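One file, data06.cif, is given below (mmCIF, C-alpha atoms).
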```cif
data_final
#
loop_
_atom_site.label_atom_id
_atom_site.label_comp_id
_atom_site.auth_asym_id
_atom_site.auth_seq_id
_atom_site.Cartn_x
_atom_site.Cartn_y
_atom_site.Cartn_z
CA MET E 1 -1.19 57.22 19.30
CA ALA E 2 1.65 58.85 21.27
CA GLU E 3 3.94 61.21 19.41
CA LYS E 4 7.16 59.70 18.11
CA LEU E 5 10.50 61.11 19.28
CA VAL E 6 13.85 60.09 17.82
CA VAL E 7 16.89 60.85 19.96
CA VAL E 8 20.06 60.52 17.89
CA GLY E 9 22.85 59.44 20.23
CA GLN E 10 22.29 57.43 23.41
CA GLY E 11 25.18 58.78 25.42
CA ARG E 12 25.28 61.14 28.37
CA ALA E 13 22.99 63.66 26.70
CA GLY E 14 20.70 61.43 24.68
CA LEU E 15 19.82 58.58 27.03
CA PRO E 16 18.57 60.71 29.97
CA LEU E 17 16.52 62.73 27.48
CA ALA E 18 15.02 59.54 26.03
CA MET E 19 14.10 58.25 29.50
CA ARG E 20 12.46 61.53 30.48
CA ALA E 21 10.51 61.61 27.21
CA VAL E 22 9.15 58.10 27.82
CA GLU E 23 7.95 59.27 31.24
CA ALA E 24 6.23 62.20 29.49
CA GLY E 25 4.34 59.83 27.16
CA PHE E 26 6.39 59.90 23.94
CA ARG E 27 7.21 56.82 21.87
CA VAL E 28 10.99 57.01 21.75
CA VAL E 29 13.55 55.51 19.39
CA GLY E 30 17.10 55.87 20.67
CA LEU E 31 19.15 55.92 17.48
CA ASP E 32 22.85 55.16 17.86
CA GLU E 33 25.47 53.94 15.39
CA ASP E 34 27.24 51.98 18.14
CA GLU E 35 25.69 48.50 17.84
CA TRP E 36 27.32 47.35 21.09
CA ARG E 37 25.58 50.18 22.96
CA VAL E 38 22.27 49.41 21.26
CA LYS E 39 22.48 45.75 22.30
CA ARG E 40 23.25 46.71 25.89
CA LEU E 41 20.37 49.16 26.07
CA ASN E 42 17.89 46.71 24.59
CA ALA E 43 19.11 44.12 27.09
CA GLY E 44 18.26 46.53 29.91
CA GLU E 45 21.84 47.54 30.70
CA PRO E 46 22.31 51.32 31.05
CA CYS E 47 25.67 52.56 29.80
CA VAL E 48 25.81 56.14 31.03
CA GLU E 49 25.93 57.69 34.47
CA GLY E 50 22.65 59.11 35.67
CA VAL E 51 20.39 56.44 34.16
CA GLY E 52 19.86 53.42 36.37
CA ALA E 53 18.73 49.94 35.44
CA GLY E 54 15.35 50.64 37.04
CA ALA E 55 14.65 53.62 34.80
CA LEU E 56 15.65 51.68 31.70
CA ALA E 57 13.54 48.70 32.75
CA ALA E 58 10.53 50.97 33.27
CA ALA E 59 11.04 52.50 29.82
CA HIS E 60 11.10 49.04 28.22
CA ALA E 61 8.10 47.93 30.25
CA SER E 62 6.09 50.88 28.95
CA GLY E 63 6.54 49.53 25.42
CA ARG E 64 7.52 53.03 24.29
CA TYR E 65 11.32 52.79 24.15
CA ALA E 66 13.73 50.90 21.95
CA ALA E 67 17.31 51.52 20.91
CA SER E 68 18.27 51.01 17.29
CA ALA E 69 21.24 51.30 14.94
CA ASP E 70 18.96 51.32 11.88
CA ALA E 71 18.15 54.83 10.63
CA ALA E 72 14.96 53.48 9.02
CA ASP E 73 13.47 53.24 12.51
CA ALA E 74 13.39 57.05 12.51
CA SER E 75 10.61 56.97 9.93
CA GLY E 76 7.51 58.95 10.83
CA PHE E 77 9.01 60.94 13.68
CA ASP E 78 7.29 64.02 15.08
CA VAL E 79 10.37 65.32 16.90
CA CYS E 80 14.05 64.49 16.49
CA VAL E 81 16.81 65.62 18.86
CA LEU E 82 20.43 65.45 17.68
CA THR E 83 22.94 64.90 20.49
CA SER E 84 25.96 63.79 18.45
CA PRO E 85 29.22 65.08 19.98
CA VAL E 86 31.41 67.50 18.07
CA ARG E 87 35.08 67.04 18.89
CA MET E 88 38.17 69.05 18.08
CA ARG E 89 40.60 67.42 15.64
CA ASN E 90 43.80 69.00 14.39
CA GLY E 91 42.86 72.33 15.94
CA ALA E 92 39.40 72.59 14.36
CA PRO E 93 35.94 71.16 15.11
CA ASP E 94 35.12 67.87 13.46
CA LEU E 95 31.52 68.15 12.30
CA ALA E 96 31.59 64.82 10.47
CA PRO E 97 29.68 62.80 13.16
CA LEU E 98 27.03 65.51 13.39
CA GLY E 99 26.82 65.69 9.60
CA SER E 100 26.44 61.91 9.40
CA ALA E 101 23.68 61.90 12.02
CA THR E 102 21.85 64.74 10.30
CA GLY E 103 22.11 63.03 6.93
CA ARG E 104 20.72 59.79 8.35
CA ILE E 105 17.50 61.37 9.61
CA ALA E 106 16.96 63.91 6.80
CA PRO E 107 15.18 61.45 4.43
CA PHE E 108 12.59 60.75 7.15
CA LEU E 109 11.80 64.41 7.81
CA ARG E 110 8.19 65.26 7.01
CA PRO E 111 6.14 68.48 7.01
CA GLY E 112 5.30 69.72 10.49
CA ALA E 113 8.07 67.78 12.23
CA THR E 114 10.58 69.39 14.60
CA VAL E 115 14.35 68.92 14.72
CA VAL E 116 16.43 70.21 17.64
CA LEU E 117 20.21 70.28 17.91
CA GLU E 118 21.49 69.71 21.46
CA SER E 119 25.14 69.25 20.52
CA THR E 120 27.56 71.94 21.65
CA ALA E 121 28.24 74.01 18.58
CA TYR E 122 29.80 77.30 17.55
CA PRO E 123 27.27 80.05 16.84
CA GLY E 124 25.83 79.42 13.40
CA THR E 125 26.09 75.63 13.31
CA THR E 126 22.32 75.03 13.48
CA GLU E 127 21.53 77.44 10.66
CA GLU E 128 24.66 77.17 8.52
CA PHE E 129 25.49 73.46 8.83
CA VAL E 130 22.52 71.42 10.05
CA ARG E 131 19.82 73.32 8.17
CA PRO E 132 21.27 72.85 4.64
CA LEU E 133 21.81 69.13 5.27
CA LEU E 134 18.23 68.66 6.41
CA GLU E 135 16.83 70.66 3.50
CA ARG E 136 18.89 68.84 0.88
CA GLY E 137 18.12 65.43 2.33
CA SER E 138 14.39 66.02 2.69
CA GLY E 139 13.50 68.49 -0.04
CA LEU E 140 11.71 70.56 2.61
CA CYS E 141 12.34 74.09 3.86
CA ALA E 142 13.20 74.87 7.50
CA GLY E 143 10.76 77.32 8.98
CA GLY E 144 8.23 76.87 6.21
CA ASP E 145 7.84 73.07 6.09
CA PHE E 146 9.47 71.89 9.31
CA HIS E 147 10.65 73.41 12.59
CA LEU E 148 14.32 73.71 13.55
CA GLY E 149 16.03 74.94 16.70
CA HIS E 150 18.85 74.55 19.21
CA SER E 151 18.75 73.84 22.94
CA PRO E 152 21.92 73.40 25.04
CA HIS E 153 22.36 70.14 26.91
CA ARG E 154 22.63 70.94 30.62
CA ALA E 155 23.75 68.38 33.17
CA GLU E 156 26.06 68.03 36.14
CA PRO E 157 26.91 64.33 36.63
CA GLY E 158 26.45 63.18 40.20
CA ASN E 159 24.33 66.19 41.21
CA PRO E 160 21.30 64.74 43.06
CA ARG E 161 19.41 68.03 43.14
CA TRP E 162 19.36 69.13 39.51
CA ARG E 163 18.08 66.64 36.98
CA LEU E 164 16.70 67.07 33.49
CA GLY E 165 13.15 67.59 34.70
CA ASN E 166 13.85 70.48 37.08
CA THR E 167 16.72 72.19 35.24
CA PRO E 168 15.64 75.27 33.23
CA LYS E 169 16.01 74.62 29.50
CA VAL E 170 17.21 77.29 27.08
CA VAL E 171 15.31 76.97 23.77
CA SER E 172 15.54 78.65 20.38
CA GLY E 173 14.20 78.40 16.83
CA VAL E 174 15.07 79.60 13.35
CA ASP E 175 11.72 81.46 13.24
CA ALA E 176 8.77 82.18 15.53
CA ALA E 177 6.94 78.96 14.63
CA SER E 178 10.05 76.88 15.26
CA LEU E 179 10.58 78.54 18.63
CA ARG E 180 7.00 77.70 19.61
CA ALA E 181 7.44 74.08 18.53
CA VAL E 182 10.74 73.65 20.39
CA THR E 183 9.32 75.37 23.48
CA ASP E 184 6.22 73.18 23.42
CA PHE E 185 8.30 70.02 23.14
CA TYR E 186 10.62 70.78 26.05
CA GLY E 187 7.72 72.20 28.04
CA ARG E 188 6.46 68.63 28.33
CA LEU E 189 9.80 67.44 29.71
CA VAL E 190 11.05 70.20 32.01
CA ARG E 191 9.64 72.53 34.61
CA GLU E 192 10.81 75.75 32.97
CA THR E 193 11.87 76.82 29.48
CA VAL E 194 13.95 79.91 28.72
CA PRO E 195 13.34 81.14 25.15
CA VAL E 196 16.08 83.14 23.41
CA SER E 197 15.94 85.06 20.15
CA SER E 198 17.96 82.74 17.90
CA PRO E 199 19.96 79.50 17.73
CA ARG E 200 23.14 81.58 17.70
CA VAL E 201 22.33 82.92 21.16
CA SER E 202 21.52 79.43 22.39
CA GLU E 203 24.76 78.05 20.94
CA LEU E 204 26.84 80.79 22.56
CA CYS E 205 25.01 80.19 25.85
CA ALA E 206 26.14 76.55 25.80
CA LEU E 207 29.75 77.56 25.17
CA LEU E 208 29.61 80.22 27.87
CA GLU E 209 28.31 77.79 30.49
CA THR E 210 30.97 75.21 29.67
CA ALA E 211 33.74 77.81 29.64
CA ARG E 212 32.63 79.17 33.01
CA ALA E 213 32.71 75.72 34.58
CA HIS E 214 36.04 74.98 32.90
CA VAL E 215 37.66 78.17 34.23
CA GLY E 216 36.30 77.39 37.71
CA ALA E 217 37.77 73.90 37.53
CA ALA E 218 41.13 75.31 36.44
CA LEU E 219 41.15 77.67 39.43
CA ALA E 220 40.46 74.80 41.83
CA ASN E 221 43.02 72.57 40.10
CA GLU E 222 45.79 75.15 40.26
CA LEU E 223 44.96 75.84 43.89
CA SER E 224 45.23 72.11 44.61
CA VAL E 225 48.77 72.10 43.21
CA PHE E 226 49.82 75.02 45.42
CA ALA E 227 47.93 73.74 48.45
CA ALA E 228 49.86 70.47 48.36
CA HIS E 229 53.15 72.39 48.60
CA LEU E 230 51.75 74.54 51.43
CA GLY E 231 50.52 71.55 53.39
CA VAL E 232 46.87 72.67 53.15
CA ASP E 233 43.89 70.40 52.42
CA VAL E 234 42.37 72.14 49.40
CA TRP E 235 39.16 70.13 49.81
CA GLU E 236 38.54 71.61 53.24
CA ALA E 237 39.04 75.09 51.78
CA VAL E 238 36.67 74.35 48.87
CA GLU E 239 34.00 72.98 51.21
CA ALA E 240 34.31 76.05 53.44
CA SER E 241 34.15 78.34 50.40
CA ALA E 242 30.94 76.65 49.27
CA THR E 243 29.12 78.03 52.32
CA THR E 244 29.14 81.61 51.02
CA PRO E 245 25.70 82.75 49.82
CA PHE E 246 27.11 85.44 47.54
CA THR E 247 28.62 83.46 44.69
CA GLN E 248 28.04 80.28 42.72
CA ALA E 249 28.90 76.99 44.38
CA ALA E 250 32.62 76.34 44.52
CA VAL E 251 33.98 74.06 41.80
CA PRO E 252 36.09 71.25 43.31
CA PRO E 253 39.46 70.06 41.94
CA SER E 254 39.49 67.18 39.48
CA PRO E 255 42.10 64.86 37.95
CA GLY E 256 41.64 66.46 34.52
CA GLN E 257 39.26 66.67 31.62
CA GLU E 258 36.90 63.71 31.31
CA GLU E 259 37.29 62.17 27.86
CA PRO E 260 33.75 60.82 27.37
CA CYS E 261 32.15 64.22 27.83
CA LEU E 262 34.83 66.33 26.24
CA PRO E 263 33.57 67.43 22.86
CA LEU E 264 34.79 70.73 21.53
CA ASP E 265 33.37 72.63 24.51
CA VAL E 266 36.58 73.70 26.23
CA THR E 267 38.54 74.45 23.07
CA TYR E 268 35.70 75.42 20.74
CA LEU E 269 35.10 78.87 22.21
CA PRO E 270 38.73 80.02 21.78
CA TRP E 271 38.70 78.51 18.25
CA GLY E 272 35.45 80.25 17.36
CA ILE E 273 36.59 83.62 18.69
CA ARG E 274 39.93 83.38 16.92
CA ARG E 275 38.11 82.37 13.72
CA GLY E 276 35.68 85.27 13.95
CA THR E 277 37.88 88.05 15.30
CA GLY E 278 41.48 86.97 14.83
CA ARG E 279 42.04 87.32 18.58
CA GLY E 280 42.66 84.68 21.23
CA PHE E 281 40.50 83.99 24.28
CA ARG E 282 43.30 84.12 26.84
CA LEU E 283 41.32 83.23 29.96
CA VAL E 284 39.86 80.00 28.56
CA GLU E 285 43.14 79.10 26.84
CA ALA E 286 44.96 79.43 30.18
CA ALA E 287 42.30 77.25 31.84
CA ASN E 288 42.75 74.65 29.11
CA ASP E 289 46.47 74.55 29.84
CA VAL E 290 45.98 74.10 33.59
CA ASN E 291 43.39 71.35 33.22
CA ALA E 292 45.37 69.53 30.52
CA HIS E 293 48.30 69.16 32.94
CA MET E 294 46.26 67.70 35.80
CA PRO E 295 46.66 64.00 34.82
CA ALA E 296 50.45 64.42 34.97
CA HIS E 297 50.12 66.14 38.34
CA VAL E 298 47.98 63.26 39.64
CA VAL E 299 50.62 60.73 38.59
CA ASP E 300 53.42 62.83 40.15
CA ARG E 301 51.53 63.08 43.44
CA LEU E 302 50.85 59.33 43.43
CA CYS E 303 54.54 58.58 42.81
CA LEU E 304 55.55 60.79 45.74
CA ALA E 305 52.94 59.20 47.99
CA LEU E 306 54.21 55.70 47.15
CA ASN E 307 57.82 56.78 47.67
CA ARG E 308 56.93 57.93 51.18
CA ARG E 309 55.62 54.41 51.71
CA CYS E 310 58.91 52.94 50.45
CA ARG E 311 57.45 51.78 47.15
CA SER E 312 58.28 52.57 43.55
CA ILE E 313 55.57 53.14 40.98
CA ARG E 314 57.24 50.48 38.83
CA GLY E 315 55.81 47.13 39.78
CA SER E 316 53.18 48.57 42.10
CA ARG E 317 49.64 47.29 41.80
CA ILE E 318 47.37 50.28 41.18
CA LEU E 319 43.57 50.09 41.18
CA LEU E 320 41.84 53.02 39.47
CA LEU E 321 38.25 53.75 40.42
CA GLY E 322 37.26 55.32 37.13
CA LEU E 323 39.14 55.37 33.82
CA SER E 324 38.72 59.04 33.02
CA PRO E 325 40.89 60.93 32.38
CA VAL E 326 42.39 57.97 30.56
CA GLU E 327 45.81 59.65 30.35
CA VAL E 328 46.38 58.74 34.03
CA ALA E 329 46.08 55.02 33.25
CA LYS E 330 48.26 55.31 30.14
CA THR E 331 51.01 57.14 32.03
CA LEU E 332 50.99 54.66 34.89
CA CYS E 333 51.34 51.80 32.42
CA ARG E 334 54.28 53.54 30.73
CA LEU E 335 55.95 53.90 34.13
CA GLY E 336 55.68 50.16 34.74
CA ALA E 337 52.76 50.01 37.17
CA ARG E 338 50.40 47.04 37.12
CA VAL E 339 47.16 48.86 36.47
CA ARG E 340 43.63 47.64 37.07
CA ALA E 341 40.50 49.72 36.73
CA ALA E 342 36.93 49.53 37.99
CA ASP E 343 34.54 51.63 35.96
CA PRO E 344 30.85 50.85 35.37
CA MET E 345 31.07 52.55 31.97
CA ALA E 346 34.24 50.77 30.84
CA GLU E 347 34.61 47.67 28.71
CA ASP E 348 37.75 45.75 27.76
CA LEU E 349 37.37 47.21 24.27
CA VAL E 350 37.86 50.78 25.46
CA ALA E 351 40.34 50.24 28.32
CA PRO E 352 43.90 51.27 27.41
CA ALA E 353 46.36 48.51 26.55
CA GLY E 354 47.78 46.96 29.70
CA VAL E 355 44.79 47.86 31.89
CA GLU E 356 42.62 45.07 33.28
CA VAL E 357 38.99 45.92 34.08
CA VAL E 358 37.94 44.42 37.43
CA GLU E 359 35.22 44.63 40.07
CA PRO E 360 36.07 46.84 43.09
CA ASP E 361 35.36 44.18 45.72
CA ALA E 362 37.10 43.97 49.08
CA ALA E 363 39.71 41.48 47.88
CA GLU E 364 40.67 43.61 44.87
CA LEU E 365 40.90 46.72 47.03
CA ALA E 366 43.06 44.94 49.61
CA ARG E 367 45.52 43.64 47.00
CA ALA E 368 46.25 47.09 45.58
CA ASP E 369 49.30 49.03 46.70
CA ALA E 370 47.27 52.14 45.95
CA VAL E 371 43.62 52.75 45.14
CA VAL E 372 43.17 55.92 43.10
CA VAL E 373 39.72 57.55 43.09
CA LEU E 374 39.47 59.13 39.63
CA GLY E 375 35.77 58.97 38.79
CA GLY E 376 33.17 61.17 40.40
CA GLN E 377 30.42 58.55 40.19
CA ASP E 378 28.30 57.54 43.16
CA CYS E 379 28.44 53.89 42.09
CA TYR E 380 31.40 53.01 44.32
CA ASP E 381 31.09 51.96 47.96
CA TYR E 382 33.44 54.56 49.40
CA ASP E 383 33.08 53.21 52.94
CA LEU E 384 34.32 49.85 51.68
CA VAL E 385 37.08 51.55 49.70
CA GLN E 386 38.37 53.25 52.81
CA ARG E 387 38.06 50.17 55.04
CA ALA E 388 39.54 47.58 52.69
CA SER E 389 42.35 49.57 51.05
CA ARG E 390 45.84 49.95 52.40
CA PHE E 391 46.26 53.36 50.79
CA VAL E 392 43.79 55.58 48.92
CA PHE E 393 44.79 58.52 46.74
CA ASP E 394 41.56 60.46 46.31
CA THR E 395 41.25 63.04 43.53
CA ARG E 396 37.52 63.61 44.13
CA GLY E 397 37.27 64.31 47.86
CA ARG E 398 35.12 61.24 48.58
CA CYS E 399 37.25 59.52 51.26
CA HIS E 400 38.63 60.51 54.66
CA GLY E 401 40.93 58.76 57.11
CA PRO E 402 44.54 58.00 58.03
CA ASN E 403 45.05 55.79 54.96
CA VAL E 404 43.75 58.51 52.60
CA GLU E 405 45.67 61.25 50.82
CA ARG E 406 43.61 63.73 48.83
CA LEU E 407 44.58 65.69 45.71
#
```
What is this structure when it is put down as structure tokens?
Amino acid sequence: MAEKLVVVGQGRAGLPLAMRAVEAGFRVVGLDEDEWRVKRLNAGEPCVEGVGAGALAAAHASGRYAASADAADASGFDVCVLTSPVRMRNGAPDLAPLGSATGRIAPFLRPGATVVLESTAYPGTTEEFVRPLLERGSGLCAGGDFHLGHSPHRAEPGNPRWRLGNTPKVVSGVDAASLRAVTDFYGRLVRETVPVSSPRVSELCALLETARAHVGAALANELSVFAAHLGVDVWEAVEASATTPFTQAAVPPSPGQEEPCLPLDVTYLPWGIRRGTGRGFRLVEAANDVNAHMPAHVVDRLCLALNRRCRSIRGSRILLLGLSPVEVAKTLCRLGARVRAADPMAEDLVAPAGVEVVEPDAAELARADAVVVLGGQDCYDYDLVQRASRFVFDTRGRCHGPNVERL
């Protein structure tokens, strides 16, 4: 019988991992406390970017995938991967969701099994937080009775080249046997594994990668603010910059931090450094400040663009393609705009008050005084958006034309 894998969390990290594991021959239980998400997944409706209906249908057809909200379905697992997000609350990381997830699977841990933490975590979380919970809940000892490690989740939404299967995977373990077990597991899913000496190194690697991307985004965002005043198309400059072979690919501007995939990553590293050394991490803290102000900048630019078209934001019909960052929609509502949003990942339950979720068809696009491209997903027909809309304010560099103004 195929080995049993439990993936705790069926969001942006967990669901793609579950799909890849089914392809690799595992029997997979996607454990998630969100019963609405579980129902959607079991009905064949993917709820995260990067996993299409075809992939989910194939997983169900194999008979080796099911989503569940019942922790008892974790019984008898060979491998369990924890992907629960860790968010910042009141200036400190909130480990409660991760603790809850760990506690739910601990009673089903058995000798020889492997547990891997993929959540972004400050160095020491795997060994100092997850390990004691697993040992208390199971009565087993990590390293001696079961294997335990950490492996950073790596993904770039919308990138067609780098997927889970061909992206190198950093792996770690609390001892040599755990490292071998974690390496063997991911070796069945990805083309290349990169072993490191401890979970602490792996955890810091995850924070470093996120911080590097965050600082790059802040640079592009601040440039976009200045470029607008200078009358320069920052997107053209970014695209030209991306042709250099000497540095990493240029990070494009964005409307701000995306709420669904914003755990503690961007604020955790400064918190962890201040906690450990008493000193601030000025570079990342400055990037946080720049990126946090981007939603307000987007709204300001939209207001100016509408004013040039002899319209006030109050009373204007605004169609958002994408709901993240959600602060844009909330601010527009406060300013009196009539806001609609089209987002394949949005439901009425999560849309801000005053925002109607609609389909981005030609009629809806044509009725809007402004169509704002917020999301970076490939699920929108951008040719239709440009043809059918009177005015497009594009924060993602997807549209071109005389009726388009870009961030």
Residue with smallest distance to Arg110 in chain E - pool E:Asp94, E:Asp34, E:Glu356, E:Glu135, counting all atoms listed in the file: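 Using all atoms listed in the file, the shortest distance to Arg110 in chain E belongs to E:Glu135.
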Once the PyMOL selection byres ((chain E and resi 174-178) around 7) has been evaluated on this model, what residues remain selected, and can you format them as a PDB file with C-alpha atoms, keeping the file's coordinate frame?
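Generated output (selection17.pdb):
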```
ATOM      1  CA  GLY E 143      10.760  77.320   8.980  1.00  0.00           C
ATOM      2  CA  HIS E 147      10.650  73.410  12.590  1.00  0.00           C
ATOM      3  CA  LEU E 148      14.320  73.710  13.550  1.00  0.00           C
ATOM      4  CA  GLY E 149      16.030  74.940  16.700  1.00  0.00           C
ATOM      5  CA  GLY E 173      14.200  78.400  16.830  1.00  0.00           C
ATOM      6  CA  LEU E 179      10.580  78.540  18.630  1.00  0.00           C
ATOM      7  CA  ARG E 180       7.000  77.700  19.610  1.00  0.00           C
ATOM      8  CA  ALA E 181       7.440  74.080  18.530  1.00  0.00           C
ATOM      9  CA  VAL E 182      10.740  73.650  20.390  1.00  0.00           C
ATOM     10  CA  SER E 198      17.960  82.740  17.900  1.00  0.00           C
ATOM     11  CA  PRO E 199      19.960  79.500  17.730  1.00  0.00           C
TER      12      PRO E 199
END
```
Ground truth for the PyMOL selection byres ((chain E and resi 51) around 12), written as a PyMOL selection string: chain E and resi 10-20+41+44-50+52-59+157-158+163-164+344-345+377+379
Coordinates-based distance that separates CA of Leu302 in chain E from CA of Phe391 in chain E (Å, one decimal):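 These atoms are spaced 10.5 Å apart.
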Shell around His153 in chain E at 8 Å using all atoms listed in the file, local window under 6 positions removed, as an MDAnalysis selection string: chainID E and resid 13 118:120 206
Residues matched by the PyMOL selection byres ((chain E and resi 166) around 12), written as a list in words: Arg20, Arg154, Ala155, Pro160, Arg161, Trp162, Arg163, Leu164, Gly165, Thr167, Pro168, Lys169, Tyr186, Gly187, Arg188, Leu189, Val190, Arg191, Glu192 and Thr193 of chain E
Residue nearest Ala337 in chain E among E:Ser324, E:Asn307, E:Ser316, E:Ser389 (counting only C-alpha atoms):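 Comparing E:Ser324, E:Asn307, E:Ser316, E:Ser389 against Ala337 in chain E, the winner is E:Ser316.
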Best match for closeness to Leu95 in chain E among E:Asp383, E:Glu327, E:Asp394, E:Glu128, counting all atoms listed in the file: E:Glu128
Residue nearest Pro195 in chain E among E:Thr210, E:Val215, E:Val171, E:Leu283 (counting only C-alpha atoms): E:Val171
One-decimal distance in Å that lies between CA of Leu374 in chain E and CA of Arg398 in chain E: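 Computing it gives 10.2 Å between the two atoms.
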Shell around Ala227 in chain E at 12 Å using only C-alpha atoms, local window under 3 positions removed, as a list in words: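 My reading of the contact set: Leu219, Ala220, Asn221, Glu222, Leu223, Ser224, Leu230, Gly231, Val232, Asp233, Val234, Trp235, Glu236, Ala237, Val238, Pro253, Arg406 and Leu407 of chain E.
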Point-to-point distance from CA of Glu35 in chain E to CA of Ala69 in chain E, Å rounded to tenths: 6.0 Å
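Residue nearest Gly397 in chain E within the list E:Val373, E:Leu384, E:Leu208, E:Cys80: E:Val373 [criterion: smallest interatomic distance, only C-alpha atoms].
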Pick from E:Val299, E:Leu134, E:Val116, E:Val355 nearest to Leu335 in chain E, counting only C-alpha atoms: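 Looking only at the distances to Leu335 in chain E, the closest residue turns out to be E:Val299.
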Neighbour list for Arg340 in chain E as a ChimeraX atom specification, cut-off 8 Å, all atoms listed in the file, skip fewer than 2 positions in-chain: /E:317-320,338,342,355-358
Write out the residues from the selection above, keeping C-alpha atoms, as a PDB file, keeping the file's coordinate frame.
```pdb
ATOM      1  CA  ARG E 317      49.640  47.290  41.800  1.00  0.00           C
ATOM      2  CA  ILE E 318      47.370  50.280  41.180  1.00  0.00           C
ATOM      3  CA  LEU E 319      43.570  50.090  41.180  1.00  0.00           C
ATOM      4  CA  LEU E 320      41.840  53.020  39.470  1.00  0.00           C
ATOM      5  CA  ARG E 338      50.400  47.040  37.120  1.00  0.00           C
ATOM      6  CA  ALA E 342      36.930  49.530  37.990  1.00  0.00           C
ATOM      7  CA  VAL E 355      44.790  47.860  31.890  1.00  0.00           C
ATOM      8  CA  GLU E 356      42.620  45.070  33.280  1.00  0.00           C
ATOM      9  CA  VAL E 357      38.990  45.920  34.080  1.00  0.00           C
ATOM     10  CA  VAL E 358      37.940  44.420  37.430  1.00  0.00           C
TER      11      VAL E 358
END
```
